[in-house]
Amino acid sequence: MNTIGKNINILYRQFNLFLNHELSGVELNSTDLMYLGTLFIEDGVTQDDLAKDFCVDKAATARSMQNLEKKGIIIRKPDESDRRAKRVYLTDKAYKYKPLMESIQKKWMKICNTPMNDEEVIQFEKNLAIITEHVKLINGIDDKEGQ
């Protein structure tokens, strides 16, 4: 098996195990964190943009947004210029989770960075981004489609 694919798969699984452990006793899950992380950077983005950012189908993103809305963590409003599009906004309740999310991110980065120095981490992140964009192009995924 391709060692890159194998290692990415293992890393992804280990990351989810870590997140499940860190989120035990909290109403959030790893998918919620993925979307919330983006919303903390750009509140008010559309559901479609979230789907494109993560290469996830629109229906799965809509289900996740519906779940977050039921929990009172986000609200969705129709876009003023395109009534079919829904913009997603964080609620006050979401901001209560921000310190937890930052703590989890710091813990994970410390775990991942321990075997590498700062320069190696920066180079790894750059290489991973390059590979990700390349395979998206090869698979016919562009910024307009997202999936």
# chains A, B, ... in the order shown; residues from 1 in each chain; ligands from 1
$ residues_around --residues "range 38-40 of chain A" --least-positions-apart "6" --cutoff "10 Å" --atoms "only C-alpha atoms" --output "list in words"
Thr46, Leu50, Asp53, Phe54, Ile74, Val88, Tyr89, Leu90, Ala94, Tyr95 and Lys98 of chain A
$ write_last_selection --atoms "all heavy atoms" --output "CSV table (one decimal), in the first residue's frame"
chain,number,residue,atom,x,y,z
A,46,THR,N,-21.3,30.9,3.7
A,46,THR,CA,-22.5,30.1,3.3
A,46,THR,C,-22.2,28.6,3.5
A,46,THR,O,-21.1,28.1,3.6
A,46,THR,CB,-22.8,30.2,1.8
A,46,THR,OG1,-21.7,29.7,1.0
A,46,THR,CG2,-23.0,31.7,1.4
A,50,LEU,N,-18.8,26.1,3.0
A,50,LEU,CA,-18.3,25.2,4.0
A,50,LEU,C,-18.1,23.8,3.3
A,50,LEU,O,-17.1,23.1,3.5
A,50,LEU,CB,-19.2,25.1,5.2
A,50,LEU,CG,-19.2,26.2,6.1
A,50,LEU,CD1,-20.3,26.1,7.1
A,50,LEU,CD2,-17.9,26.4,6.8
A,53,ASP,N,-15.0,24.0,1.0
A,53,ASP,CA,-13.8,24.1,1.8
A,53,ASP,C,-13.3,22.7,2.2
A,53,ASP,O,-12.1,22.4,2.3
A,53,ASP,CB,-13.9,24.9,3.0
A,53,ASP,CG,-13.9,26.4,2.7
A,53,ASP,OD1,-13.7,26.8,1.5
A,53,ASP,OD2,-14.3,27.2,3.6
A,54,PHE,N,-14.2,21.8,2.6
A,54,PHE,CA,-13.9,20.5,3.2
A,54,PHE,C,-14.1,19.4,2.2
A,54,PHE,O,-14.0,18.2,2.6
A,54,PHE,CB,-14.6,20.3,4.5
A,54,PHE,CG,-14.2,21.2,5.6
A,54,PHE,CD1,-14.9,22.3,5.9
A,54,PHE,CD2,-12.9,21.0,6.2
A,54,PHE,CE1,-14.5,23.2,6.9
A,54,PHE,CE2,-12.5,21.9,7.2
A,54,PHE,CZ,-13.3,23.0,7.5
A,74,ILE,N,-25.2,27.5,16.2
A,74,ILE,CA,-25.2,28.3,15.0
A,74,ILE,C,-26.6,28.7,14.7
A,74,ILE,O,-27.6,28.1,15.2
A,74,ILE,CB,-24.5,27.7,13.8
A,74,ILE,CG1,-25.3,26.3,13.4
A,74,ILE,CG2,-23.1,27.4,14.0
A,74,ILE,CD1,-25.8,26.3,12.0
A,88,VAL,N,-24.2,31.0,7.6
A,88,VAL,CA,-24.1,30.4,8.9
A,88,VAL,C,-23.4,31.3,9.8
A,88,VAL,O,-22.3,31.9,9.5
A,88,VAL,CB,-23.4,29.1,8.8
A,88,VAL,CG1,-23.3,28.4,10.1
A,88,VAL,CG2,-24.0,28.2,7.7
A,89,TYR,N,-24.0,31.6,11.0
A,89,TYR,CA,-23.5,32.5,12.0
A,89,TYR,C,-23.4,31.8,13.3
A,89,TYR,O,-24.2,31.0,13.7
A,89,TYR,CB,-24.4,33.7,12.1
A,89,TYR,CG,-24.6,34.5,10.9
A,89,TYR,CD1,-25.6,34.3,10.0
A,89,TYR,CD2,-23.6,35.5,10.6
A,89,TYR,CE1,-25.7,35.0,8.8
A,89,TYR,CE2,-23.7,36.2,9.4
A,89,TYR,CZ,-24.8,36.0,8.5
A,89,TYR,OH,-24.9,36.7,7.4
A,90,LEU,N,-22.3,32.1,14.0
A,90,LEU,CA,-22.1,31.6,15.4
A,90,LEU,C,-23.0,32.3,16.4
A,90,LEU,O,-23.3,33.5,16.3
A,90,LEU,CB,-20.7,31.8,15.8
A,90,LEU,CG,-19.6,31.0,15.0
A,90,LEU,CD1,-18.2,31.5,15.3
A,90,LEU,CD2,-19.7,29.5,15.2
A,94,ALA,N,-21.7,29.3,20.9
A,94,ALA,CA,-20.5,28.8,20.2
A,94,ALA,C,-19.3,29.4,20.8
A,94,ALA,O,-18.3,28.7,20.9
A,94,ALA,CB,-20.7,29.1,18.7
A,95,TYR,N,-19.3,30.6,21.1
A,95,TYR,CA,-18.1,31.3,21.6
A,95,TYR,C,-17.7,30.8,23.0
A,95,TYR,O,-16.5,30.9,23.4
A,95,TYR,CB,-18.3,32.8,21.7
A,95,TYR,CG,-18.2,33.4,20.3
A,95,TYR,CD1,-19.4,33.7,19.6
A,95,TYR,CD2,-17.0,33.7,19.7
A,95,TYR,CE1,-19.3,34.2,18.3
A,95,TYR,CE2,-16.9,34.2,18.5
A,95,TYR,CZ,-18.1,34.5,17.7
A,95,TYR,OH,-18.0,35.0,16.5
A,98,LYS,N,-15.0,28.2,22.3
A,98,LYS,CA,-13.7,28.6,21.7
A,98,LYS,C,-12.5,28.3,22.5
A,98,LYS,O,-11.5,27.7,22.0
A,98,LYS,CB,-13.8,30.1,21.3
A,98,LYS,CG,-12.6,30.5,20.4
A,98,LYS,CD,-12.8,31.9,19.8
A,98,LYS,CE,-11.6,32.2,18.9
A,98,LYS,NZ,-11.7,33.5,18.3
$ residues_around --residues "Arg87 in chain A" --least-positions-apart "2" --cutoff "10 Å" --atoms "only C-alpha atoms" --output "MDAnalysis selection string"
chainID A and resid 43:50 75:80 83:85 89
$ write_last_selection --atoms "N, CA, C and O atoms" --output "mmCIF file, in the first residue's frame"
data_model
loop_
_atom_site.group_PDB
_atom_site.id
_atom_site.type_symbol
_atom_site.label_atom_id
_atom_site.label_comp_id
_atom_site.auth_asym_id
_atom_site.auth_seq_id
_atom_site.Cartn_x
_atom_site.Cartn_y
_atom_site.Cartn_z
ATOM 1 N N ASP A 43 -17.068 34.094 10.167
ATOM 2 C CA ASP A 43 -18.471 33.948 10.545
ATOM 3 C C ASP A 43 -19.342 34.488 9.424
ATOM 4 O O ASP A 43 -19.027 35.508 8.810
ATOM 5 N N GLY A 44 -20.423 33.780 9.116
ATOM 6 C CA GLY A 44 -21.343 34.245 8.087
ATOM 7 C C GLY A 44 -21.080 33.657 6.713
ATOM 8 O O GLY A 44 -21.683 34.066 5.732
ATOM 9 N N VAL A 45 -20.209 32.672 6.632
ATOM 10 C CA VAL A 45 -19.932 32.012 5.359
ATOM 11 C C VAL A 45 -21.160 31.176 4.964
ATOM 12 O O VAL A 45 -21.983 30.835 5.814
ATOM 13 N N THR A 46 -21.304 30.861 3.695
ATOM 14 C CA THR A 46 -22.451 30.058 3.268
ATOM 15 C C THR A 46 -22.198 28.579 3.523
ATOM 16 O O THR A 46 -21.058 28.124 3.583
ATOM 17 N N GLN A 47 -23.288 27.831 3.643
ATOM 18 C CA GLN A 47 -23.202 26.376 3.782
ATOM 19 C C GLN A 47 -22.451 25.786 2.608
ATOM 20 O O GLN A 47 -21.631 24.888 2.780
ATOM 21 N N ASP A 48 -22.735 26.272 1.404
ATOM 22 C CA ASP A 48 -22.057 25.754 0.209
ATOM 23 C C ASP A 48 -20.558 25.987 0.278
ATOM 24 O O ASP A 48 -19.769 25.124 -0.128
ATOM 25 N N ASP A 49 -20.143 27.141 0.788
ATOM 26 C CA ASP A 49 -18.710 27.411 0.929
ATOM 27 C C ASP A 49 -18.067 26.453 1.925
ATOM 28 O O ASP A 49 -16.942 25.998 1.720
ATOM 29 N N LEU A 50 -18.774 26.135 2.996
ATOM 30 C CA LEU A 50 -18.252 25.163 3.960
ATOM 31 C C LEU A 50 -18.087 23.799 3.303
ATOM 32 O O LEU A 50 -17.071 23.124 3.495
ATOM 33 N N ILE A 75 -26.755 29.753 13.899
ATOM 34 C CA ILE A 75 -28.041 30.074 13.279
ATOM 35 C C ILE A 75 -27.783 30.207 11.787
ATOM 36 O O ILE A 75 -26.688 30.587 11.366
ATOM 37 N N ARG A 76 -28.779 29.857 11.004
ATOM 38 C CA ARG A 76 -28.685 29.976 9.545
ATOM 39 C C ARG A 76 -29.708 30.995 9.078
ATOM 40 O O ARG A 76 -30.847 30.989 9.529
ATOM 41 N N LYS A 77 -29.250 31.850 8.169
ATOM 42 C CA LYS A 77 -30.139 32.868 7.606
ATOM 43 C C LYS A 77 -29.977 32.871 6.088
ATOM 44 O O LYS A 77 -28.866 32.677 5.587
ATOM 45 N N PRO A 78 -31.073 33.126 5.366
ATOM 46 C CA PRO A 78 -30.945 33.227 3.909
ATOM 47 C C PRO A 78 -30.007 34.382 3.528
ATOM 48 O O PRO A 78 -30.008 35.433 4.178
ATOM 49 N N ASP A 79 -29.217 34.152 2.508
ATOM 50 C CA ASP A 79 -28.327 35.199 1.992
ATOM 51 C C ASP A 79 -29.182 36.300 1.383
ATOM 52 O O ASP A 79 -30.170 36.018 0.695
ATOM 53 N N GLU A 80 -28.823 37.537 1.628
ATOM 54 C CA GLU A 80 -29.625 38.660 1.136
ATOM 55 C C GLU A 80 -29.621 38.770 -0.388
ATOM 56 O O GLU A 80 -30.613 39.178 -0.983
ATOM 57 N N ARG A 83 -31.386 34.186 -2.096
ATOM 58 C CA ARG A 83 -32.259 33.624 -1.066
ATOM 59 C C ARG A 83 -32.137 32.098 -0.949
ATOM 60 O O ARG A 83 -32.529 31.511 0.046
ATOM 61 N N ARG A 84 -31.594 31.429 -1.994
ATOM 62 C CA ARG A 84 -31.423 29.972 -1.925
ATOM 63 C C ARG A 84 -30.246 29.600 -1.031
ATOM 64 O O ARG A 84 -30.219 28.516 -0.468
ATOM 65 N N ALA A 85 -29.270 30.481 -0.938
ATOM 66 C CA ALA A 85 -28.074 30.216 -0.130
ATOM 67 C C ALA A 85 -28.348 30.541 1.333
ATOM 68 O O ALA A 85 -29.094 31.471 1.644
ATOM 69 N N TYR A 89 -24.038 31.572 10.985
ATOM 70 C CA TYR A 89 -23.503 32.494 11.992
ATOM 71 C C TYR A 89 -23.377 31.790 13.337
ATOM 72 O O TYR A 89 -24.247 30.996 13.715
#
$ atom_distance --atom1 "CA of Asp57 in chain A" --atom2 "CA of Leu137 in chain A"
16.9 Å
$ closest_residue --among "A:Val135, A:Ile122, A:Leu128, A:Leu100" --to "Leu28 in chain A" --atoms "only C-alpha atoms"
A:Leu100
$ select_by_dssp --residues "chain A" --states "strand (DSSP E or B)" --output "list in words"
Thr46, Ile74, Ile75, Arg76, Lys77, Pro78, Lys86, Arg87, Val88, Tyr89 and Leu90 of chain A
$ select_by_dssp --residues "chain A" --states "helix (DSSP H, G or I)" --output "PyMOL selection string"
chain A and resi 3-22+30-41+47-54+58-70+92-96+98-113+118-138
$ write_last_selection --atoms "C-alpha atoms" --output "mmCIF file, in the first residue's frame"
data_model
loop_
_atom_site.group_PDB
_atom_site.id
_atom_site.type_symbol
_atom_site.label_atom_id
_atom_site.label_comp_id
_atom_site.auth_asym_id
_atom_site.auth_seq_id
_atom_site.Cartn_x
_atom_site.Cartn_y
_atom_site.Cartn_z
ATOM 1 C CA THR A 3 2.811 4.745 2.549
ATOM 2 C CA ILE A 4 1.551 8.325 2.108
ATOM 3 C CA GLY A 5 -2.060 7.163 1.911
ATOM 4 C CA LYS A 6 -1.555 4.689 4.732
ATOM 5 C CA ASN A 7 0.033 7.272 7.013
ATOM 6 C CA ILE A 8 -2.580 9.930 6.235
ATOM 7 C CA ASN A 9 -5.311 7.399 7.003
ATOM 8 C CA ILE A 10 -3.660 6.441 10.299
ATOM 9 C CA LEU A 11 -3.123 10.091 11.214
ATOM 10 C CA TYR A 12 -6.779 10.865 10.459
ATOM 11 C CA ARG A 13 -7.978 7.947 12.595
ATOM 12 C CA GLN A 14 -5.666 8.886 15.465
ATOM 13 C CA PHE A 15 -6.820 12.487 15.254
ATOM 14 C CA ASN A 16 -10.454 11.377 15.533
ATOM 15 C CA LEU A 17 -9.631 9.154 18.526
ATOM 16 C CA PHE A 18 -7.888 12.113 20.162
ATOM 17 C CA LEU A 19 -10.844 14.417 19.455
ATOM 18 C CA ASN A 20 -13.365 11.878 20.743
ATOM 19 C CA HIS A 21 -11.393 11.616 23.969
ATOM 20 C CA GLU A 22 -11.064 15.392 24.356
ATOM 21 C CA SER A 30 -15.083 16.194 15.519
ATOM 22 C CA THR A 31 -17.196 17.225 12.540
ATOM 23 C CA ASP A 32 -18.659 20.096 14.533
ATOM 24 C CA LEU A 33 -15.147 21.297 15.362
ATOM 25 C CA MET A 34 -14.176 21.238 11.695
ATOM 26 C CA TYR A 35 -16.990 23.595 10.752
ATOM 27 C CA LEU A 36 -16.743 25.762 13.863
ATOM 28 C CA GLY A 37 -13.036 26.291 13.274
ATOM 29 C CA THR A 38 -13.827 27.839 9.901
ATOM 30 C CA LEU A 39 -16.711 29.889 11.298
ATOM 31 C CA PHE A 40 -14.487 31.349 14.015
ATOM 32 C CA ILE A 41 -12.278 32.632 11.203
ATOM 33 C CA GLN A 47 -23.202 26.376 3.782
ATOM 34 C CA ASP A 48 -22.057 25.754 0.209
ATOM 35 C CA ASP A 49 -18.710 27.411 0.929
ATOM 36 C CA LEU A 50 -18.252 25.163 3.960
ATOM 37 C CA ALA A 51 -18.983 22.107 1.822
ATOM 38 C CA LYS A 52 -16.462 23.272 -0.788
ATOM 39 C CA ASP A 53 -13.781 24.061 1.786
ATOM 40 C CA PHE A 54 -13.862 20.515 3.161
ATOM 41 C CA LYS A 58 -23.791 19.701 0.360
ATOM 42 C CA ALA A 59 -26.312 17.332 1.938
ATOM 43 C CA ALA A 60 -23.836 16.168 4.604
ATOM 44 C CA THR A 61 -22.934 19.775 5.368
ATOM 45 C CA ALA A 62 -26.616 20.702 5.620
ATOM 46 C CA ARG A 63 -27.182 17.841 8.092
ATOM 47 C CA SER A 64 -24.237 18.998 10.195
ATOM 48 C CA MET A 65 -25.518 22.576 10.160
ATOM 49 C CA GLN A 66 -28.990 21.384 11.139
ATOM 50 C CA ASN A 67 -27.448 19.474 14.056
ATOM 51 C CA LEU A 68 -25.430 22.508 15.195
ATOM 52 C CA GLU A 69 -28.530 24.682 14.891
ATOM 53 C CA LYS A 70 -30.550 22.282 17.076
ATOM 54 C CA ASP A 92 -23.039 33.269 21.891
ATOM 55 C CA LYS A 93 -23.116 29.607 22.910
ATOM 56 C CA ALA A 94 -20.544 28.794 20.212
ATOM 57 C CA TYR A 95 -18.108 31.313 21.642
ATOM 58 C CA LYS A 96 -18.231 29.479 24.972
ATOM 59 C CA LYS A 98 -13.748 28.607 21.652
ATOM 60 C CA PRO A 99 -11.318 28.234 24.602
ATOM 61 C CA LEU A 100 -11.895 24.458 24.599
ATOM 62 C CA MET A 101 -11.269 24.295 20.859
ATOM 63 C CA GLU A 102 -8.074 26.328 21.195
ATOM 64 C CA SER A 103 -6.888 24.078 24.019
ATOM 65 C CA ILE A 104 -7.577 20.938 21.971
ATOM 66 C CA GLN A 105 -5.764 22.406 18.979
ATOM 67 C CA LYS A 106 -2.716 23.298 21.096
ATOM 68 C CA LYS A 107 -2.605 19.795 22.598
ATOM 69 C CA TRP A 108 -2.834 18.168 19.162
ATOM 70 C CA MET A 109 -0.192 20.436 17.664
ATOM 71 C CA LYS A 110 2.136 19.699 20.573
ATOM 72 C CA ILE A 111 1.668 15.973 20.001
ATOM 73 C CA CYS A 112 2.289 16.314 16.258
ATOM 74 C CA ASN A 113 5.178 18.762 16.535
ATOM 75 C CA ASP A 118 9.583 24.347 13.879
ATOM 76 C CA GLU A 119 11.081 24.523 10.370
ATOM 77 C CA GLU A 120 10.159 20.897 9.664
ATOM 78 C CA VAL A 121 6.578 21.505 10.825
ATOM 79 C CA ILE A 122 6.240 24.567 8.583
ATOM 80 C CA GLN A 123 7.644 22.655 5.612
ATOM 81 C CA PHE A 124 5.370 19.675 6.306
ATOM 82 C CA GLU A 125 2.299 21.950 6.384
ATOM 83 C CA LYS A 126 3.347 23.547 3.077
ATOM 84 C CA ASN A 127 3.963 20.172 1.440
ATOM 85 C CA LEU A 128 0.667 18.776 2.666
ATOM 86 C CA ALA A 129 -1.203 21.809 1.289
ATOM 87 C CA ILE A 130 0.532 21.423 -2.087
ATOM 88 C CA ILE A 131 -0.308 17.715 -2.277
ATOM 89 C CA THR A 132 -3.920 18.347 -1.228
ATOM 90 C CA GLU A 133 -4.478 21.002 -3.901
ATOM 91 C CA HIS A 134 -2.793 18.826 -6.530
ATOM 92 C CA VAL A 135 -4.931 15.759 -5.861
ATOM 93 C CA LYS A 136 -8.078 17.895 -5.823
ATOM 94 C CA LEU A 137 -7.185 19.091 -9.326
ATOM 95 C CA ILE A 138 -6.409 15.566 -10.500
#
$ closest_residue --among "A:Gly72, A:Ser81, A:Thr91, A:Lys86" --to "Glu27 in chain A" --atoms "only C-alpha atoms"
A:Gly72
